[in-house]
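Next comes upload_37.txt, with compact mmCIF, N, CA and C atoms.
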# COMPACT_ATOMS: atom_id res chain seq x y z
N GLN A 1 0.85 -1.19 0.00
CA GLN A 1 0.00 0.00 0.00
C GLN A 1 0.88 1.24 0.00
N VAL A 2 0.35 2.33 -0.52
CA VAL A 2 1.08 3.59 -0.61
C VAL A 2 0.49 4.57 0.40
N GLN A 3 1.37 5.27 1.10
CA GLN A 3 0.94 6.31 2.03
C GLN A 3 1.51 7.64 1.58
N LEU A 4 0.68 8.67 1.63
CA LEU A 4 1.08 10.03 1.29
C LEU A 4 0.85 10.92 2.51
N VAL A 5 1.87 11.68 2.88
CA VAL A 5 1.77 12.55 4.05
C VAL A 5 2.19 13.96 3.66
N GLU A 6 1.24 14.89 3.74
CA GLU A 6 1.52 16.29 3.41
C GLU A 6 2.03 17.04 4.64
N SER A 7 2.82 18.07 4.39
CA SER A 7 3.28 18.96 5.45
C SER A 7 3.56 20.33 4.85
N GLY A 8 3.72 21.32 5.71
CA GLY A 8 4.09 22.65 5.25
C GLY A 8 2.97 23.67 5.23
N GLY A 9 1.75 23.23 5.54
CA GLY A 9 0.65 24.18 5.57
C GLY A 9 0.76 25.11 6.77
N GLY A 10 -0.10 26.11 6.80
CA GLY A 10 -0.10 27.03 7.92
C GLY A 10 -0.85 28.30 7.60
N LEU A 11 -0.64 29.29 8.47
CA LEU A 11 -1.28 30.60 8.32
C LEU A 11 -0.25 31.59 7.79
N VAL A 12 -0.62 32.31 6.75
CA VAL A 12 0.29 33.27 6.14
C VAL A 12 -0.50 34.49 5.69
N GLN A 13 0.14 35.64 5.68
CA GLN A 13 -0.53 36.85 5.19
C GLN A 13 -0.55 36.87 3.67
N ALA A 14 -1.51 37.58 3.14
CA ALA A 14 -1.60 37.74 1.69
C ALA A 14 -0.28 38.29 1.15
N GLY A 15 0.17 37.71 0.04
CA GLY A 15 1.44 38.09 -0.54
C GLY A 15 2.60 37.22 -0.08
N GLY A 16 2.36 36.41 0.93
CA GLY A 16 3.40 35.55 1.47
C GLY A 16 3.57 34.26 0.68
N SER A 17 4.44 33.41 1.21
CA SER A 17 4.77 32.15 0.53
C SER A 17 4.72 30.98 1.50
N LEU A 18 4.42 29.82 0.95
CA LEU A 18 4.50 28.56 1.68
C LEU A 18 5.01 27.49 0.72
N ARG A 19 5.65 26.48 1.28
CA ARG A 19 6.08 25.34 0.48
C ARG A 19 5.50 24.08 1.08
N LEU A 20 4.65 23.42 0.33
CA LEU A 20 4.07 22.15 0.76
C LEU A 20 4.94 21.00 0.29
N SER A 21 5.00 19.97 1.11
CA SER A 21 5.70 18.75 0.76
C SER A 21 4.75 17.57 0.92
N CYS A 22 4.98 16.54 0.12
CA CYS A 22 4.19 15.32 0.21
C CYS A 22 5.17 14.15 0.15
N ALA A 23 5.33 13.48 1.27
CA ALA A 23 6.24 12.34 1.35
C ALA A 23 5.48 11.06 1.07
N ALA A 24 5.97 10.29 0.14
CA ALA A 24 5.32 9.04 -0.25
C ALA A 24 6.12 7.86 0.27
N SER A 25 5.42 6.83 0.68
CA SER A 25 6.08 5.61 1.14
C SER A 25 5.27 4.41 0.69
N GLY A 26 5.93 3.28 0.69
CA GLY A 26 5.27 2.08 0.22
C GLY A 26 6.17 1.36 -0.76
N ARG A 27 6.21 0.07 -0.68
CA ARG A 27 7.15 -0.71 -1.49
C ARG A 27 6.88 -0.60 -2.96
N THR A 28 5.62 -0.38 -3.35
CA THR A 28 5.27 -0.37 -4.77
C THR A 28 5.04 1.04 -5.28
N PHE A 29 5.60 2.05 -4.61
CA PHE A 29 5.27 3.41 -5.00
C PHE A 29 5.76 3.74 -6.40
N GLY A 30 7.02 3.45 -6.70
CA GLY A 30 7.56 3.77 -8.01
C GLY A 30 7.63 5.27 -8.19
N SER A 31 7.33 5.76 -9.38
CA SER A 31 7.32 7.19 -9.68
C SER A 31 6.08 7.51 -10.51
N PRO A 32 4.92 7.48 -9.91
CA PRO A 32 3.70 7.70 -10.68
C PRO A 32 3.43 9.18 -10.92
N ALA A 33 2.51 9.47 -11.80
CA ALA A 33 2.03 10.83 -11.96
C ALA A 33 1.37 11.26 -10.66
N MET A 34 1.56 12.53 -10.31
CA MET A 34 1.04 13.03 -9.03
C MET A 34 0.42 14.40 -9.23
N GLY A 35 -0.32 14.81 -8.21
CA GLY A 35 -0.97 16.11 -8.31
C GLY A 35 -1.26 16.71 -6.95
N TRP A 36 -1.52 18.01 -6.96
CA TRP A 36 -2.00 18.73 -5.78
C TRP A 36 -3.43 19.19 -6.06
N PHE A 37 -4.29 18.96 -5.10
CA PHE A 37 -5.67 19.42 -5.16
C PHE A 37 -5.94 20.27 -3.94
N ARG A 38 -7.04 21.01 -3.98
CA ARG A 38 -7.44 21.77 -2.79
C ARG A 38 -8.96 21.78 -2.69
N GLN A 39 -9.42 21.94 -1.47
CA GLN A 39 -10.86 21.99 -1.22
C GLN A 39 -11.14 23.04 -0.17
N ALA A 40 -11.89 24.06 -0.57
CA ALA A 40 -12.31 25.11 0.35
C ALA A 40 -13.67 24.74 0.93
N PRO A 41 -14.03 25.29 2.08
CA PRO A 41 -15.33 24.97 2.69
C PRO A 41 -16.49 25.24 1.75
N GLY A 42 -17.35 24.25 1.60
CA GLY A 42 -18.52 24.39 0.76
C GLY A 42 -18.26 24.26 -0.72
N LYS A 43 -17.03 23.95 -1.09
CA LYS A 43 -16.69 23.84 -2.51
C LYS A 43 -16.18 22.44 -2.83
N GLU A 44 -16.20 22.11 -4.11
CA GLU A 44 -15.68 20.81 -4.54
C GLU A 44 -14.16 20.82 -4.57
N ARG A 45 -13.58 19.63 -4.46
CA ARG A 45 -12.14 19.52 -4.57
C ARG A 45 -11.72 19.83 -6.01
N GLU A 46 -10.68 20.64 -6.15
CA GLU A 46 -10.24 21.05 -7.48
C GLU A 46 -8.75 20.84 -7.67
N ILE A 47 -8.38 20.64 -8.92
CA ILE A 47 -6.98 20.47 -9.25
C ILE A 47 -6.27 21.79 -9.11
N VAL A 48 -5.07 21.75 -8.54
CA VAL A 48 -4.22 22.93 -8.44
C VAL A 48 -3.06 22.81 -9.42
N ALA A 49 -2.38 21.67 -9.37
CA ALA A 49 -1.25 21.42 -10.26
C ALA A 49 -1.03 19.92 -10.36
N ALA A 50 -0.42 19.50 -11.46
CA ALA A 50 -0.14 18.10 -11.67
C ALA A 50 1.21 17.96 -12.38
N ILE A 51 1.81 16.78 -12.22
CA ILE A 51 3.13 16.56 -12.78
C ILE A 51 3.24 15.10 -13.22
N ASN A 52 3.96 14.87 -14.32
CA ASN A 52 4.10 13.50 -14.79
C ASN A 52 5.20 12.80 -14.01
N TRP A 53 5.46 11.53 -14.34
CA TRP A 53 6.35 10.72 -13.52
C TRP A 53 7.78 11.26 -13.49
N SER A 54 8.23 11.85 -14.58
CA SER A 54 9.62 12.31 -14.63
C SER A 54 9.78 13.75 -14.15
N GLY A 55 8.67 14.49 -14.08
CA GLY A 55 8.76 15.90 -13.75
C GLY A 55 8.92 16.78 -14.97
N GLY A 56 8.96 16.18 -16.14
CA GLY A 56 9.17 16.95 -17.35
C GLY A 56 7.94 17.61 -17.91
N SER A 57 6.79 17.25 -17.40
CA SER A 57 5.53 17.82 -17.87
C SER A 57 4.68 18.23 -16.68
N THR A 58 4.16 19.46 -16.72
CA THR A 58 3.36 19.96 -15.61
C THR A 58 2.09 20.64 -16.12
N TYR A 59 1.14 20.76 -15.20
CA TYR A 59 -0.12 21.48 -15.48
C TYR A 59 -0.43 22.35 -14.27
N TYR A 60 -0.99 23.54 -14.55
CA TYR A 60 -1.42 24.44 -13.48
C TYR A 60 -2.83 24.94 -13.77
N ALA A 61 -3.64 25.00 -12.72
CA ALA A 61 -4.92 25.67 -12.86
C ALA A 61 -4.68 27.14 -13.17
N GLU A 62 -5.57 27.72 -13.91
CA GLU A 62 -5.42 29.11 -14.32
C GLU A 62 -5.28 30.04 -13.13
N SER A 63 -5.96 29.72 -12.05
CA SER A 63 -5.97 30.59 -10.87
C SER A 63 -4.63 30.64 -10.15
N VAL A 64 -3.75 29.69 -10.41
CA VAL A 64 -2.47 29.66 -9.70
C VAL A 64 -1.28 29.81 -10.64
N LYS A 65 -1.54 29.85 -11.92
CA LYS A 65 -0.47 29.91 -12.90
C LYS A 65 0.38 31.16 -12.67
N GLY A 66 1.70 30.97 -12.67
CA GLY A 66 2.61 32.08 -12.44
C GLY A 66 2.93 32.33 -10.97
N ARG A 67 2.16 31.71 -10.07
CA ARG A 67 2.38 31.90 -8.63
C ARG A 67 2.83 30.61 -7.94
N PHE A 68 2.35 29.48 -8.41
CA PHE A 68 2.67 28.19 -7.80
C PHE A 68 3.59 27.40 -8.72
N THR A 69 4.44 26.56 -8.12
CA THR A 69 5.32 25.68 -8.87
C THR A 69 5.29 24.29 -8.27
N ILE A 70 4.97 23.31 -9.09
CA ILE A 70 4.98 21.92 -8.67
C ILE A 70 6.30 21.29 -9.10
N SER A 71 6.86 20.45 -8.23
CA SER A 71 8.10 19.76 -8.56
C SER A 71 8.15 18.46 -7.78
N ARG A 72 9.10 17.62 -8.12
CA ARG A 72 9.22 16.34 -7.44
C ARG A 72 10.68 15.92 -7.39
N ASP A 73 10.99 15.13 -6.37
CA ASP A 73 12.31 14.52 -6.23
C ASP A 73 12.06 13.02 -6.11
N ASN A 74 12.23 12.31 -7.21
CA ASN A 74 11.91 10.88 -7.20
C ASN A 74 12.86 10.08 -6.31
N ALA A 75 14.08 10.56 -6.15
CA ALA A 75 15.03 9.86 -5.28
C ALA A 75 14.55 9.90 -3.83
N LYS A 76 13.81 10.94 -3.48
CA LYS A 76 13.29 11.08 -2.11
C LYS A 76 11.82 10.74 -2.01
N ASN A 77 11.20 10.35 -3.14
CA ASN A 77 9.76 10.05 -3.14
C ASN A 77 8.96 11.21 -2.55
N THR A 78 9.29 12.41 -2.97
CA THR A 78 8.65 13.60 -2.39
C THR A 78 8.16 14.53 -3.50
N LEU A 79 6.96 15.03 -3.29
CA LEU A 79 6.32 16.00 -4.18
C LEU A 79 6.27 17.34 -3.46
N TYR A 80 6.47 18.43 -4.20
CA TYR A 80 6.47 19.75 -3.62
C TYR A 80 5.47 20.67 -4.32
N LEU A 81 5.04 21.68 -3.59
CA LEU A 81 4.25 22.77 -4.19
C LEU A 81 4.74 24.06 -3.56
N GLN A 82 5.47 24.84 -4.34
CA GLN A 82 5.91 26.15 -3.90
C GLN A 82 4.81 27.16 -4.22
N MET A 83 4.32 27.84 -3.21
CA MET A 83 3.21 28.78 -3.39
C MET A 83 3.68 30.18 -3.03
N ASN A 84 3.70 31.05 -4.01
CA ASN A 84 4.12 32.44 -3.82
C ASN A 84 2.93 33.37 -4.07
N SER A 85 3.07 34.60 -3.62
CA SER A 85 2.03 35.62 -3.83
C SER A 85 0.66 35.09 -3.45
N LEU A 86 0.58 34.51 -2.29
CA LEU A 86 -0.66 33.88 -1.85
C LEU A 86 -1.77 34.91 -1.67
N LYS A 87 -2.98 34.47 -1.97
CA LYS A 87 -4.18 35.30 -1.87
C LYS A 87 -5.17 34.66 -0.90
N PRO A 88 -6.06 35.44 -0.32
CA PRO A 88 -7.06 34.86 0.58
C PRO A 88 -7.87 33.74 -0.09
N GLU A 89 -8.10 33.85 -1.38
CA GLU A 89 -8.88 32.82 -2.08
C GLU A 89 -8.10 31.51 -2.26
N ASP A 90 -6.83 31.49 -1.89
CA ASP A 90 -6.07 30.24 -1.89
C ASP A 90 -6.31 29.43 -0.62
N THR A 91 -7.03 29.99 0.33
CA THR A 91 -7.32 29.29 1.57
C THR A 91 -8.11 28.03 1.31
N ALA A 92 -7.59 26.90 1.77
CA ALA A 92 -8.22 25.59 1.54
C ALA A 92 -7.39 24.51 2.23
N VAL A 93 -7.95 23.32 2.24
CA VAL A 93 -7.16 22.14 2.61
C VAL A 93 -6.52 21.63 1.32
N TYR A 94 -5.22 21.45 1.36
CA TYR A 94 -4.48 20.99 0.18
C TYR A 94 -4.14 19.51 0.33
N TYR A 95 -4.41 18.76 -0.73
CA TYR A 95 -4.18 17.33 -0.75
C TYR A 95 -3.20 16.97 -1.86
N CYS A 96 -2.31 16.02 -1.59
CA CYS A 96 -1.53 15.46 -2.68
C CYS A 96 -2.14 14.11 -3.05
N ALA A 97 -1.95 13.73 -4.27
CA ALA A 97 -2.53 12.50 -4.78
C ALA A 97 -1.55 11.85 -5.75
N ALA A 98 -1.65 10.53 -5.87
CA ALA A 98 -0.78 9.78 -6.75
C ALA A 98 -1.58 8.72 -7.50
N ARG A 99 -1.16 8.49 -8.73
CA ARG A 99 -1.78 7.42 -9.49
C ARG A 99 -1.06 6.12 -9.19
N LYS A 100 -1.65 5.01 -9.60
CA LYS A 100 -1.06 3.71 -9.37
C LYS A 100 -0.20 3.34 -10.57
N GLY A 101 1.08 3.04 -10.31
CA GLY A 101 1.95 2.64 -11.39
C GLY A 101 2.44 3.82 -12.20
N ARG A 102 3.36 3.56 -13.09
CA ARG A 102 3.96 4.63 -13.90
C ARG A 102 3.12 4.86 -15.16
N THR A 103 1.91 5.38 -14.97
CA THR A 103 1.04 5.70 -16.10
C THR A 103 1.56 6.95 -16.79
N PRO A 104 1.44 7.01 -18.12
CA PRO A 104 1.99 8.16 -18.85
C PRO A 104 1.11 9.40 -18.68
N GLY A 105 1.72 10.55 -18.93
CA GLY A 105 0.96 11.79 -18.97
C GLY A 105 0.62 12.34 -17.60
N ILE A 106 -0.34 13.27 -17.64
CA ILE A 106 -0.78 13.98 -16.44
C ILE A 106 -2.27 13.75 -16.25
N ALA A 107 -2.70 13.60 -15.02
CA ALA A 107 -4.11 13.40 -14.73
C ALA A 107 -4.67 14.63 -14.03
N LEU A 108 -5.86 15.06 -14.46
CA LEU A 108 -6.46 16.28 -13.91
C LEU A 108 -7.70 16.01 -13.05
N LEU A 109 -8.27 14.84 -13.17
CA LEU A 109 -9.51 14.53 -12.46
C LEU A 109 -9.22 13.79 -11.16
N THR A 110 -10.02 14.07 -10.14
CA THR A 110 -9.85 13.37 -8.87
C THR A 110 -10.02 11.87 -9.04
N THR A 111 -10.90 11.48 -9.95
CA THR A 111 -11.19 10.05 -10.14
C THR A 111 -10.02 9.30 -10.77
N ALA A 112 -9.06 10.02 -11.31
CA ALA A 112 -7.90 9.37 -11.94
C ALA A 112 -6.84 8.95 -10.93
N TYR A 113 -6.97 9.44 -9.71
CA TYR A 113 -5.95 9.19 -8.69
C TYR A 113 -6.36 8.07 -7.74
N ASP A 114 -5.37 7.27 -7.36
CA ASP A 114 -5.63 6.09 -6.54
C ASP A 114 -5.29 6.29 -5.06
N TYR A 115 -4.36 7.19 -4.78
CA TYR A 115 -3.91 7.39 -3.40
C TYR A 115 -3.99 8.87 -3.05
N TRP A 116 -4.39 9.14 -1.80
CA TRP A 116 -4.57 10.50 -1.32
C TRP A 116 -3.94 10.67 0.06
N GLY A 117 -3.38 11.86 0.29
CA GLY A 117 -2.93 12.20 1.61
C GLY A 117 -4.09 12.68 2.47
N GLN A 118 -3.79 13.00 3.71
CA GLN A 118 -4.83 13.42 4.65
C GLN A 118 -5.15 14.91 4.54
N GLY A 119 -4.29 15.63 3.85
CA GLY A 119 -4.52 17.06 3.65
C GLY A 119 -3.79 17.93 4.66
N THR A 120 -3.47 19.14 4.23
CA THR A 120 -2.84 20.13 5.11
C THR A 120 -3.53 21.47 4.89
N GLN A 121 -3.84 22.15 5.98
CA GLN A 121 -4.59 23.40 5.90
C GLN A 121 -3.69 24.56 5.53
N VAL A 122 -4.12 25.33 4.55
CA VAL A 122 -3.46 26.58 4.18
C VAL A 122 -4.46 27.71 4.38
N THR A 123 -4.11 28.68 5.20
CA THR A 123 -4.98 29.81 5.47
C THR A 123 -4.22 31.09 5.14
N VAL A 124 -4.80 31.90 4.26
CA VAL A 124 -4.18 33.15 3.85
C VAL A 124 -5.06 34.29 4.36
N SER A 125 -4.49 35.12 5.22
CA SER A 125 -5.24 36.24 5.78
C SER A 125 -5.02 37.49 4.93
N SER A 126 -6.06 38.32 4.92
CA SER A 126 -5.99 39.55 4.11
C SER A 126 -5.43 40.71 4.91
Can you give me the file's structure in the form of structure tokens?
Amino acid sequence: QVQLVESGGGLVQAGGSLRLSCAASGRTFGSPAMGWFRQAPGKEREIVAAINWSGGSTYYAESVKGRFTISRDNAKNTLYLQMNSLKPEDTAVYYCAARKGRTPGIALLTTAYDYWGQGTQVTVSS
């Protein structure tokens, strides 16, 4: 089984930065496509950014493009999300997710992911 553990969330003022990490463990983890999602109160979970197995291909939601950067270190089985110029509307619980196996490309839908972390709260004050 694969376990994903997020860290790095917290409270930050608008314009500030945070770096989220997602540590993956499990004997069969490999280097699957991964993604960051977020869910604000009363809203559906939405894609924030996604990355393919090698890190050579990425996707960003329009709302975070130019402010957030997704990256990965396969040697450490860790996924990152660097968040700059944070806005109050970025406030949400952030989840990392991984697909099963080394599937090609990038996945944007929640239903495409097999493993999820427990989430980390990001709160941006105005």
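In this structure, atom C of A:Tyr94 sits 12.7 Å away from atom CA of A:Tyr115.
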Quick one: residues within 8 Å of (7.7, 24.5, -1.5) (file frame), counting only N, CA and C atoms, please, as a list in words. Gly8, Ser17, Leu18, Arg19, Leu20, Ser21, Thr69, Ser71, Leu79, Tyr80, Leu81, Gln82 and Met83 of chain A
Can you pull out every residue within 9 Å of A:Phe68, counting only C-alpha atoms, but drop anything in the same chain fewer than 3 positions away, and send it as a list in words? Val48, Ala49, Tyr60, Val64, Lys65, Leu81, Gln82, Met83, Asn84, Ser85 and Leu86 of chain A
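Nearest to A:Ala61 of all the residues A:Val93, A:Arg45, A:Leu108, A:Gln1 is A:Leu108, based on only C-alpha atoms.
One distance worth recording is that between atom C of A:Arg102 and atom N of A:Ser31, which is 7.2 Å.
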Best match for closeness to A:Thr78 among A:Val12, A:Lys43, A:Leu109, A:Trp53, counting only C-alpha atoms: A:Trp53
